[in-house]
Structures are given as C-alpha cells and as structure tokens.
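Peer 1: I'm passing along structure_24.cif; it holds mmCIF, C-alpha atoms.
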```cif
data_start
#
loop_
_atom_site.label_atom_id
_atom_site.label_comp_id
_atom_site.auth_asym_id
_atom_site.auth_seq_id
_atom_site.Cartn_x
_atom_site.Cartn_y
_atom_site.Cartn_z
CA MET A 1 56.68 25.49 4.87
CA LYS A 2 55.33 27.62 7.69
CA LYS A 3 56.67 26.40 11.01
CA TYR A 4 54.40 26.26 14.06
CA THR A 5 55.67 26.55 17.61
CA TYR A 6 53.69 26.45 20.78
CA THR A 7 53.69 29.06 23.50
CA GLU A 8 52.54 26.81 26.35
CA MET A 9 50.76 23.56 27.19
CA LYS A 10 47.11 23.85 28.23
CA ASP A 11 44.15 21.52 28.24
CA THR A 12 41.35 22.16 25.77
CA ARG A 13 38.76 21.74 28.52
CA SER A 14 40.16 24.91 30.12
CA GLY A 15 39.48 26.67 26.83
CA PHE A 16 35.86 25.61 27.17
CA GLY A 17 35.73 26.78 30.79
CA ASP A 18 37.22 30.17 29.98
CA GLY A 19 34.97 30.61 26.96
CA LEU A 20 31.93 29.79 29.07
CA THR A 21 33.08 32.26 31.73
CA GLU A 22 33.30 34.99 29.09
CA LEU A 23 29.87 34.12 27.75
CA GLY A 24 28.47 34.39 31.25
CA LYS A 25 29.52 38.03 31.32
CA THR A 26 28.35 38.95 27.83
CA ASN A 27 25.26 36.84 27.12
CA PRO A 28 22.54 36.74 29.83
CA ASN A 29 20.69 33.95 28.01
CA VAL A 30 23.55 31.47 28.41
CA VAL A 31 22.87 28.91 31.13
CA ALA A 32 25.12 26.02 32.15
CA LEU A 33 24.22 22.53 33.28
CA CYS A 34 26.66 19.97 34.66
CA ALA A 35 26.41 16.31 35.62
CA ASP A 36 28.52 16.32 38.78
CA LEU A 37 31.79 17.14 36.98
CA THR A 38 32.07 20.89 37.46
CA GLY A 39 35.79 20.84 38.21
CA SER A 40 36.65 18.44 35.41
CA LEU A 41 34.75 20.57 32.89
CA LYS A 42 36.27 23.79 34.28
CA MET A 43 32.82 25.28 34.89
CA ASN A 44 33.70 26.56 38.38
CA GLU A 45 33.97 30.22 37.47
CA PHE A 46 30.64 30.26 35.68
CA GLU A 47 29.00 28.63 38.70
CA LYS A 48 30.69 31.10 41.07
CA ASN A 49 29.76 34.20 39.06
CA HIS A 50 26.29 33.15 37.90
CA PRO A 51 24.80 30.71 40.40
CA GLU A 52 21.29 31.61 39.22
CA ARG A 53 22.21 30.40 35.71
CA PHE A 54 24.00 27.22 36.77
CA ILE A 55 22.22 23.90 37.31
CA GLN A 56 23.99 21.02 39.02
CA VAL A 57 22.01 18.06 37.77
CA GLY A 58 24.11 15.39 39.45
CA ILE A 59 24.85 12.01 37.93
CA ALA A 60 21.72 12.14 35.79
CA GLU A 61 22.90 12.90 32.26
CA ALA A 62 19.68 11.93 30.51
CA ASN A 63 17.76 14.27 32.79
CA MET A 64 20.29 17.01 32.00
CA MET A 65 19.56 16.75 28.27
CA GLY A 66 15.83 16.93 28.88
CA ILE A 67 16.18 20.00 31.11
CA ALA A 68 18.44 21.67 28.54
CA ALA A 69 15.91 21.06 25.77
CA GLY A 70 13.17 22.56 27.91
CA LEU A 71 15.19 25.66 28.74
CA THR A 72 15.46 26.56 25.06
CA ILE A 73 11.70 27.02 24.87
CA GLY A 74 12.04 30.07 27.10
CA GLY A 75 14.83 31.52 24.96
CA LYS A 76 17.76 30.32 27.03
CA ILE A 77 20.97 28.96 25.45
CA PRO A 78 21.90 25.91 27.53
CA PHE A 79 25.45 24.51 27.59
CA THR A 80 25.61 20.99 29.00
CA GLY A 81 28.89 19.71 30.43
CA THR A 82 30.13 16.19 31.11
CA PHE A 83 32.56 13.63 29.69
CA ALA A 84 32.15 12.77 26.00
CA ASN A 85 31.15 9.20 26.87
CA PHE A 86 28.30 10.44 29.05
CA SER A 87 27.43 13.28 26.65
CA THR A 88 26.65 10.92 23.79
CA GLY A 89 26.46 7.15 24.29
CA ARG A 90 24.70 7.27 27.64
CA VAL A 91 22.09 9.80 26.53
CA TYR A 92 21.72 9.20 22.80
CA ASP A 93 17.98 8.64 22.91
CA GLN A 94 17.39 11.91 24.77
CA ILE A 95 19.60 13.82 22.35
CA ARG A 96 17.92 12.29 19.32
CA GLN A 97 14.34 12.79 20.48
CA SER A 98 14.40 15.90 22.65
CA ILE A 99 17.21 17.91 21.03
CA ALA A 100 17.96 16.88 17.43
CA TYR A 101 14.47 15.83 16.29
CA SER A 102 12.99 18.85 18.01
CA ASP A 103 15.77 21.15 16.69
CA LYS A 104 16.46 22.63 20.10
CA ASN A 105 19.23 25.20 20.56
CA VAL A 106 21.31 23.09 22.98
CA LYS A 107 25.11 23.14 23.09
CA ILE A 108 26.37 19.69 24.10
CA CYS A 109 29.89 20.24 25.41
CA ALA A 110 31.94 17.08 25.83
CA SER A 111 35.28 16.79 27.57
CA HIS A 112 37.67 13.84 28.02
CA ALA A 113 37.09 12.58 24.46
CA GLY A 114 39.15 9.90 22.75
CA LEU A 115 42.14 7.87 23.93
CA THR A 116 43.89 10.82 25.58
CA LEU A 117 41.52 10.53 28.51
CA GLY A 118 44.34 8.19 29.46
CA GLU A 119 44.44 6.20 32.65
CA ASP A 120 40.66 6.05 33.17
CA GLY A 121 40.62 3.33 30.55
CA ALA A 122 38.46 1.88 27.81
CA THR A 123 35.05 2.34 29.43
CA HIS A 124 35.55 6.13 29.43
CA GLN A 125 37.57 6.54 26.22
CA ILE A 126 34.76 6.97 23.73
CA LEU A 127 35.91 6.62 20.13
CA GLU A 128 32.48 6.52 18.48
CA ASP A 129 31.01 9.88 19.49
CA ILE A 130 31.73 11.82 16.30
CA GLY A 131 29.94 9.15 14.29
CA LEU A 132 26.98 9.08 16.65
CA MET A 133 26.53 12.83 16.58
CA LYS A 134 27.21 13.59 12.93
CA MET A 135 24.48 11.14 11.90
CA LEU A 136 21.83 13.21 13.69
CA PRO A 137 20.04 15.53 11.24
CA GLY A 138 20.76 19.19 11.93
CA MET A 139 23.53 18.53 14.46
CA THR A 140 26.69 20.62 14.06
CA VAL A 141 29.82 18.69 15.14
CA ILE A 142 32.99 20.53 16.23
CA ASN A 143 36.29 19.03 17.39
CA THR A 144 38.86 21.63 18.44
CA CYS A 145 42.66 21.33 18.44
CA ASP A 146 43.99 23.51 21.27
CA TYR A 147 43.06 25.86 24.12
CA ASN A 148 42.66 28.97 21.96
CA GLN A 149 40.47 27.28 19.39
CA THR A 150 38.29 25.66 22.04
CA LYS A 151 37.71 28.98 23.78
CA ALA A 152 36.86 30.67 20.48
CA ALA A 153 34.53 27.82 19.46
CA THR A 154 32.71 27.93 22.80
CA ILE A 155 31.98 31.61 22.31
CA ALA A 156 31.02 31.18 18.65
CA ILE A 157 28.47 28.40 19.14
CA ALA A 158 26.41 30.62 21.44
CA GLU A 159 25.58 32.70 18.36
CA HIS A 160 24.74 29.66 16.23
CA GLU A 161 21.08 28.72 16.15
CA GLY A 162 20.59 24.98 16.48
CA PRO A 163 22.06 21.98 18.30
CA VAL A 164 25.85 21.69 18.52
CA TYR A 165 28.19 18.96 19.70
CA LEU A 166 31.49 20.47 20.88
CA ARG A 167 34.21 17.86 21.55
CA PHE A 168 37.45 18.52 23.45
CA GLY A 169 39.93 16.75 25.71
CA ARG A 170 41.55 16.18 29.05
CA PRO A 171 45.36 16.45 28.69
CA LYS A 172 47.52 19.51 28.34
CA VAL A 173 48.48 19.94 24.69
CA PRO A 174 50.44 22.58 22.74
CA VAL A 175 48.76 25.97 22.29
CA PHE A 176 49.60 27.05 18.75
CA MET A 177 46.54 28.66 17.19
CA PRO A 178 46.32 32.48 17.32
CA THR A 179 44.44 33.99 20.25
CA ASP A 180 42.62 36.42 17.96
CA GLN A 181 41.63 34.04 15.17
CA LYS A 182 37.92 34.21 14.47
CA PHE A 183 36.17 30.85 14.75
CA GLU A 184 33.98 30.23 11.72
CA ILE A 185 31.75 27.17 11.95
CA GLY A 186 32.16 25.03 8.85
CA LYS A 187 35.32 26.77 7.58
CA ALA A 188 38.54 24.78 7.49
CA ILE A 189 41.88 26.43 8.22
CA ASN A 190 44.80 25.83 5.87
CA LEU A 191 47.83 25.71 8.17
CA THR A 192 50.59 24.88 5.67
CA GLU A 193 50.83 24.96 1.90
CA GLY A 194 52.02 21.80 0.16
CA THR A 195 52.07 20.10 -3.22
CA ASP A 196 52.60 16.36 -2.64
CA VAL A 197 49.93 15.31 -0.14
CA THR A 198 47.00 16.77 1.79
CA ILE A 199 46.82 15.97 5.51
CA ILE A 200 43.35 16.64 6.90
CA ALA A 201 43.35 16.59 10.70
CA THR A 202 41.04 17.34 13.58
CA GLY A 203 41.39 17.76 17.36
CA HIS A 204 44.63 16.66 18.99
CA LEU A 205 45.84 15.20 15.70
CA VAL A 206 46.26 18.67 14.18
CA TRP A 207 49.44 19.30 16.17
CA GLU A 208 50.67 15.76 15.43
CA SER A 209 50.08 16.41 11.73
CA LEU A 210 52.07 19.63 11.83
CA GLN A 211 54.96 17.75 13.42
CA ALA A 212 54.63 15.07 10.75
CA ALA A 213 54.72 17.70 8.01
CA GLU A 214 58.04 19.02 9.33
CA LYS A 215 59.52 15.51 9.34
CA LEU A 216 58.24 14.94 5.81
CA GLU A 217 59.70 18.22 4.59
CA ALA A 218 63.10 17.08 5.84
CA GLU A 219 62.70 14.09 3.50
CA GLY A 220 61.67 16.27 0.57
CA ILE A 221 57.93 15.64 0.81
CA SER A 222 55.68 18.71 0.67
CA ALA A 223 52.57 18.31 2.85
CA GLU A 224 49.56 20.60 3.02
CA VAL A 225 47.96 20.49 6.48
CA ILE A 226 44.31 21.44 6.91
CA ASN A 227 42.66 21.90 10.31
CA ILE A 228 39.12 20.58 10.08
CA HIS A 229 37.61 21.78 13.35
CA THR A 230 34.06 21.43 12.05
CA ILE A 231 33.31 17.88 10.94
CA LYS A 232 29.70 18.73 10.17
CA PRO A 233 29.06 20.76 8.13
CA LEU A 234 32.26 19.72 6.34
CA ASP A 235 34.20 22.31 4.34
CA GLU A 236 34.17 20.32 1.11
CA GLU A 237 35.35 23.27 -0.95
CA ALA A 238 38.62 23.51 1.01
CA ILE A 239 39.18 19.76 0.81
CA LEU A 240 38.56 19.51 -2.93
CA LYS A 241 40.70 22.55 -3.69
CA SER A 242 43.65 21.04 -1.85
CA VAL A 243 43.22 17.55 -3.29
CA ALA A 244 43.05 18.92 -6.83
CA LYS A 245 46.59 20.17 -6.24
CA THR A 246 48.13 17.28 -4.29
CA GLY A 247 46.32 14.22 -5.64
CA CYS A 248 46.23 12.21 -2.40
CA VAL A 249 44.96 12.50 1.17
CA VAL A 250 45.69 11.37 4.71
CA THR A 251 43.03 11.95 7.36
CA ALA A 252 44.04 12.03 11.04
CA GLU A 253 41.78 11.85 14.07
CA GLU A 254 41.51 10.59 17.64
CA HIS A 255 38.47 8.45 16.87
CA ASN A 256 37.49 5.07 15.48
CA LYS A 257 38.20 4.91 11.75
CA TYR A 258 34.56 3.95 11.29
CA GLY A 259 32.23 6.93 11.42
CA GLY A 260 34.70 9.75 11.97
CA LEU A 261 36.33 12.53 9.97
CA GLY A 262 38.00 10.11 7.59
CA GLU A 263 34.71 8.64 6.42
CA SER A 264 33.23 12.12 5.91
CA VAL A 265 36.22 13.07 3.76
CA ALA A 266 35.99 9.77 1.84
CA ARG A 267 32.33 10.44 1.03
CA CYS A 268 33.22 13.93 -0.21
CA LEU A 269 35.97 12.55 -2.44
CA ALA A 270 33.89 9.66 -3.75
CA GLN A 271 31.13 12.02 -4.81
CA ASN A 272 33.37 14.68 -6.33
CA ASN A 273 36.94 13.58 -7.04
CA PRO A 274 37.90 9.97 -6.17
CA THR A 275 41.37 10.17 -4.64
CA PRO A 276 43.78 7.80 -2.84
CA GLN A 277 43.26 8.17 0.91
CA GLU A 278 44.84 6.68 4.04
CA PHE A 279 43.31 6.81 7.52
CA VAL A 280 45.14 7.62 10.75
CA ALA A 281 42.57 6.58 13.33
CA VAL A 282 41.88 3.87 15.89
CA ASN A 283 41.42 0.58 14.05
CA ASP A 284 38.05 -0.75 15.24
CA THR A 285 39.00 -1.42 18.84
CA PHE A 286 38.47 -0.11 22.35
CA GLY A 287 41.26 1.56 24.29
CA GLU A 288 42.94 0.67 27.56
CA SER A 289 44.54 2.31 30.57
CA ALA A 290 47.87 4.08 29.97
CA THR A 291 49.25 7.58 29.53
CA PRO A 292 47.99 9.60 26.55
CA ALA A 293 51.37 9.41 24.80
CA GLN A 294 51.60 5.65 25.28
CA LEU A 295 48.10 5.15 23.91
CA MET A 296 48.65 7.39 20.89
CA GLU A 297 51.78 5.43 20.04
CA LYS A 298 50.22 1.99 20.53
CA TYR A 299 47.07 2.80 18.58
CA ASN A 300 48.96 4.59 15.79
CA ILE A 301 47.51 8.08 16.08
CA ASN A 302 50.65 10.18 16.54
CA ASP A 303 53.02 12.08 14.23
CA GLU A 304 54.92 8.94 13.22
CA ALA A 305 51.66 7.29 12.19
CA VAL A 306 50.87 10.29 9.99
CA VAL A 307 54.32 10.13 8.38
CA ASN A 308 53.88 6.43 7.63
CA ALA A 309 50.40 6.98 6.21
CA VAL A 310 51.71 9.72 3.91
CA LYS A 311 54.45 7.47 2.54
CA LYS A 312 51.89 4.76 1.94
CA VAL A 313 49.40 6.96 0.11
CA LEU A 314 52.10 8.54 -2.06
CA LYS A 315 52.73 5.09 -3.56
CA ARG A 316 49.08 5.00 -4.65
CA LYS A 317 49.04 8.28 -6.58
#
```
Is it possible to express this structure as structure tokens?

Peer 2:
Amino acid sequence: MKKYTYTEMKDTRSGFGDGLTELGKTNPNVVALCADLTGSLKMNEFEKNHPERFIQVGIAEANMMGIAAGLTIGGKIPFTGTFANFSTGRVYDQIRQSIAYSDKNVKICASHAGLTLGEDGATHQILEDIGLMKMLPGMTVINTCDYNQTKAATIAIAEHEGPVYLRFGRPKVPVFMPTDQKFEIGKAINLTEGTDVTIIATGHLVWESLQAAEKLEAEGISAEVINIHTIKPLDEEAILKSVAKTGCVVTAEEHNKYGGLGESVARCLAQNNPTPQEFVAVNDTFGESATPAQLMEKYNINDEAVVNAVKKVLKRK
C-alpha cells in the first residue's frame, strides 16, 4: 500500500486565503466579500492588494449573499467568506432564492466547518451544511482535505460557471496532497489500492482514513482509500469501480450521518450495486466545546472509528 506522510501542519482556511490571493492577481473579475471575519477567513492579503474588489459587509450575512448575487449580473465572480454555520443555516433562504434558484455564479466559501471548530462549541459547529447545500438544484458542493487541495479548489472554482459551496476548516491538519495536483471538480482521487474494503472519505477524514488503512494493513486487511472532495456532483464511476472489486464500503466524514457524503454514496449503491456500507459520521447530535482531537474521539470520527467500521462491514460481506 502506498504510504502517505505529511510535510507540515497547516489549516485549510489558509489554503483558501492563499488561493484567493492568487486569484486576485490573475483574474480581475474575482471580488471578495466578508462578514466581519477577514482574519479568520485569511482574506487579509486580498483586501490589502485589491481594496477596490473587497467588500466588508459586516455582521450581515444575508445581505452579503444578496450583494454577491447582484455582482454576478455585471460579470463579476464573487467569493463570500464567513463561518460555515453563517454561510448556510443563517442565510439559507437568500442562497436558495437569490443564488441557487437564479443560478448565479457565486462561490460560497465556508470556514470553521464541523466539530473541529473546537472550543467555540455546538452553536458554531455546523454538521448539517453539506446536506443543506447538496439539496439545492445546480449547487456544486466541495469539501477539501488539506491546505494544498483547498488552495487548488479555490482557484479551480473561479473557472466553474455556476454556484459553488466550498467547505473547509479551522485547525491545522497534515498537508499530504501534492502541491501540483490539478483540482478537477467531480473527479475522485484514488489514494491507495486495496482489495478487501473501500473507504470513501472527505475533508479532514481523508487523513484519518489513510491512517486507518495503515493500521488495517498491519492486520492483513487491504483497504482502498478514495478522496471524495466533490460531494456533488458525485464521482459515481470511481465509487462503483472500487466497490465492484472490494464488495463493501465505509464512508467517513465530519458531518451528521444524515444528509452527508454517506447518504450520497448509499443512494449511488442502492441504484447501481447494493453493497454493505458502514458510516463514520456524527450520530444525529450536536457537538460541544472541547479540542478538535477530543471531539473527534468522542463522536467517533477519527482513524480508530474508521478501523472499527471496516471490521464491522467486513462481517457483512
């Protein structure tokens, strides 16, 4: 099995900030809007270098979405920036009516997603956002795994015509994806080849799944790990090809088990090749205040949880 090591620890939100900075230099139509969280979203450099293309909306997220939708009419490519909780739940009506229904070319960029927001607690740890956004017709949903992939995705979505939800996080996590890997919307990345089980992971759970695969290999279990960075549109071809070989699946995500990646994969399998599946996800509950590592352990979304899920699904083959 191919072994993955990380070069450094960096937060995915910095990948977004650096990608946006690069876009500012190369694409004059890119504009950025922020809801009073410029530092948290790492949008400082864009604001510094392009003040005429930066709009500080303040704590008025619904207004931000409306402004962004309007800017597209003049040919601009607006990137909105705030926490995932405020990017989705707080402004869902504005996104649905002004952006999705109207098919506006807005890039909704959401930091501090999932439990790994950490000490800010349950009110900020949104675990429903993937479900909310993937249900909107025409909305592309992307959930990146490390700094390099987030930077590449930020740059790539500027060239995609149509609304996009880009989800990333707060903590520093391992950087393990190649710096030069092209980001292709809707194309999964097969990270390891395996024959016994398919592990389909997204976001921070990709690294956890790779660690799980190494532990499983030591026990004689061959795991294929697939990085699903684009949850919608889902790369069904990659999923079905892998499952045809392994015969069982574990999905892993930092999200509620209802409405996330796991349910999208289950629909794909039910329609094409019914297959035993186990879910590594938050089990229909809100979070709480603690460190990211403590929360991932308590809510069973770390490498050990993936290992346990694999052993469970293998019994169902």

Peer 1: Decode the PyMOL selection byres ((chain A and resi 89) around 12) for the given file into explicit residues and return them as JSON, numbers by chain.

Peer 2: {"A": [61, 62, 82, 83, 84, 85, 86, 87, 88, 90, 91, 92, 93, 94, 95, 96, 110, 113, 123, 124, 125, 126, 127, 128, 129, 130, 131, 132, 133]}

Peer 1: As an exercise, work out the distance from atom CA of Pro28 of chain A to atom CA of Gly186 of chain A in Å and give it to one decimal place.

Peer 2: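 Computing it gives 25.9 Å between the two atoms.
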
Peer 1: Can you list what the PyMOL selection byres ((chain A and resi 262) around 10) grabs from this structure, as a PyMOL selection string?

Peer 2: chain A and resi 200-202+231+249-253+255-261+263-268+277-281

Peer 1: Output C-alpha atoms for every residue in that selection, as a tab-separated table (two decimals), keeping the file's coordinate frame.

Peer 2:
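Writing the result to out12.tsv gives the following:
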```tsv
chain	number	residue	atom	x	y	z
A	200	ILE	CA	43.35	16.64	6.90
A	201	ALA	CA	43.35	16.59	10.70
A	202	THR	CA	41.04	17.34	13.58
A	231	ILE	CA	33.31	17.88	10.94
A	249	VAL	CA	44.96	12.50	1.17
A	250	VAL	CA	45.69	11.37	4.71
A	251	THR	CA	43.03	11.95	7.36
A	252	ALA	CA	44.04	12.03	11.04
A	253	GLU	CA	41.78	11.85	14.07
A	255	HIS	CA	38.47	8.45	16.87
A	256	ASN	CA	37.49	5.07	15.48
A	257	LYS	CA	38.20	4.91	11.75
A	258	TYR	CA	34.56	3.95	11.29
A	259	GLY	CA	32.23	6.93	11.42
A	260	GLY	CA	34.70	9.75	11.97
A	261	LEU	CA	36.33	12.53	9.97
A	263	GLU	CA	34.71	8.64	6.42
A	264	SER	CA	33.23	12.12	5.91
A	265	VAL	CA	36.22	13.07	3.76
A	266	ALA	CA	35.99	9.77	1.84
A	267	ARG	CA	32.33	10.44	1.03
A	268	CYS	CA	33.22	13.93	-0.21
A	277	GLN	CA	43.26	8.17	0.91
A	278	GLU	CA	44.84	6.68	4.04
A	279	PHE	CA	43.31	6.81	7.52
A	280	VAL	CA	45.14	7.62	10.75
A	281	ALA	CA	42.57	6.58	13.33
```

Peer 1: Between atom CA of Lys76 of chain A and atom CA of Ala153 of chain A, measure the distance and give it in Å to one decimal.

Peer 2: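 Distance reported for this atom pair: 18.6 Å.
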
Peer 1: Excluding Gly75 of chain A and any residue of its chain fewer than 3 positions from it, enumerate the residues within 8 Å of it, using all atoms listed in the file, and give them as a PyMOL selection string.

Peer 2: chain A and resi 29+71-72

Peer 1: Output as an mmCIF file, keeping the file's coordinate frame: segment 114-125 of chain A, completed with all heavy atoms.

Peer 2:
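Output contents, as saved in result-v2.cif:
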```
data_model
loop_
_atom_site.group_PDB
_atom_site.id
_atom_site.type_symbol
_atom_site.label_atom_id
_atom_site.label_comp_id
_atom_site.auth_asym_id
_atom_site.auth_seq_id
_atom_site.Cartn_x
_atom_site.Cartn_y
_atom_site.Cartn_z
ATOM 1 N N GLY A 114 38.090 10.661 23.378
ATOM 2 C CA GLY A 114 39.150 9.900 22.750
ATOM 3 C C GLY A 114 40.072 9.151 23.697
ATOM 4 O O GLY A 114 39.818 9.037 24.896
ATOM 5 N N LEU A 115 41.171 8.645 23.155
ATOM 6 C CA LEU A 115 42.140 7.870 23.930
ATOM 7 C C LEU A 115 42.884 8.704 24.958
ATOM 8 O O LEU A 115 43.326 8.180 25.988
ATOM 9 C CB LEU A 115 43.169 7.228 22.997
ATOM 10 C CG LEU A 115 42.731 6.035 22.148
ATOM 11 C CD1 LEU A 115 43.865 5.628 21.220
ATOM 12 C CD2 LEU A 115 42.324 4.864 23.023
ATOM 13 N N THR A 116 43.062 10.001 24.697
ATOM 14 C CA THR A 116 43.890 10.820 25.580
ATOM 15 C C THR A 116 43.234 11.113 26.920
ATOM 16 O O THR A 116 43.824 11.807 27.744
ATOM 17 C CB THR A 116 44.304 12.134 24.888
ATOM 18 O OG1 THR A 116 43.145 12.793 24.382
ATOM 19 C CG2 THR A 116 45.274 11.862 23.756
ATOM 20 N N LEU A 117 42.043 10.590 27.144
ATOM 21 C CA LEU A 117 41.520 10.530 28.510
ATOM 22 C C LEU A 117 42.514 9.772 29.391
ATOM 23 O O LEU A 117 42.656 10.042 30.580
ATOM 24 C CB LEU A 117 40.154 9.849 28.506
ATOM 25 C CG LEU A 117 39.515 9.487 29.837
ATOM 26 C CD1 LEU A 117 39.348 10.702 30.712
ATOM 27 C CD2 LEU A 117 38.171 8.828 29.614
ATOM 28 N N GLY A 118 43.207 8.809 28.782
ATOM 29 C CA GLY A 118 44.340 8.190 29.460
ATOM 30 C C GLY A 118 44.009 7.088 30.430
ATOM 31 O O GLY A 118 43.356 6.095 30.085
ATOM 32 N N GLU A 119 44.442 7.281 31.670
ATOM 33 C CA GLU A 119 44.440 6.200 32.650
ATOM 34 C C GLU A 119 43.056 5.735 33.083
ATOM 35 O O GLU A 119 42.933 4.652 33.664
ATOM 36 C CB GLU A 119 45.252 6.635 33.879
ATOM 37 C CG GLU A 119 46.746 6.776 33.655
ATOM 38 C CD GLU A 119 47.164 8.109 33.065
ATOM 39 O OE1 GLU A 119 46.281 8.890 32.633
ATOM 40 O OE2 GLU A 119 48.371 8.380 33.008
ATOM 41 N N ASP A 120 42.009 6.482 32.805
ATOM 42 C CA ASP A 120 40.660 6.050 33.170
ATOM 43 C C ASP A 120 40.194 4.843 32.369
ATOM 44 O O ASP A 120 39.237 4.174 32.744
ATOM 45 C CB ASP A 120 39.655 7.200 33.019
ATOM 46 C CG ASP A 120 39.762 8.206 34.153
ATOM 47 O OD1 ASP A 120 40.650 8.036 35.001
ATOM 48 O OD2 ASP A 120 38.966 9.157 34.171
ATOM 49 N N GLY A 121 40.836 4.586 31.249
ATOM 50 C CA GLY A 121 40.620 3.330 30.550
ATOM 51 C C GLY A 121 39.500 3.290 29.537
ATOM 52 O O GLY A 121 38.814 4.282 29.275
ATOM 53 N N ALA A 122 39.311 2.081 28.981
ATOM 54 C CA ALA A 122 38.460 1.880 27.810
ATOM 55 C C ALA A 122 37.004 2.271 28.020
ATOM 56 O O ALA A 122 36.347 2.758 27.102
ATOM 57 C CB ALA A 122 38.540 0.426 27.359
ATOM 58 N N THR A 123 36.473 2.055 29.210
ATOM 59 C CA THR A 123 35.050 2.340 29.430
ATOM 60 C C THR A 123 34.741 3.833 29.296
ATOM 61 O O THR A 123 33.601 4.205 29.008
ATOM 62 C CB THR A 123 34.601 1.870 30.824
ATOM 63 O OG1 THR A 123 35.425 2.472 31.825
ATOM 64 C CG2 THR A 123 34.685 0.351 30.922
ATOM 65 N N HIS A 124 35.755 4.686 29.518
ATOM 66 C CA HIS A 124 35.550 6.130 29.430
ATOM 67 C C HIS A 124 36.094 6.733 28.139
ATOM 68 O O HIS A 124 35.769 7.870 27.810
ATOM 69 C CB HIS A 124 36.220 6.827 30.624
ATOM 70 C CG HIS A 124 35.485 6.667 31.908
ATOM 71 N ND1 HIS A 124 34.993 5.461 32.341
ATOM 72 C CD2 HIS A 124 35.153 7.575 32.871
ATOM 73 C CE1 HIS A 124 34.399 5.620 33.517
ATOM 74 N NE2 HIS A 124 34.472 6.898 33.851
ATOM 75 N N GLN A 125 36.922 6.002 27.423
ATOM 76 C CA GLN A 125 37.570 6.540 26.220
ATOM 77 C C GLN A 125 36.674 6.346 25.000
ATOM 78 O O GLN A 125 36.895 5.457 24.183
ATOM 79 C CB GLN A 125 38.913 5.829 25.991
ATOM 80 C CG GLN A 125 39.943 6.104 27.055
ATOM 81 C CD GLN A 125 41.059 5.069 27.046
ATOM 82 O OE1 GLN A 125 40.995 4.074 26.350
ATOM 83 N NE2 GLN A 125 42.098 5.314 27.840
#
```
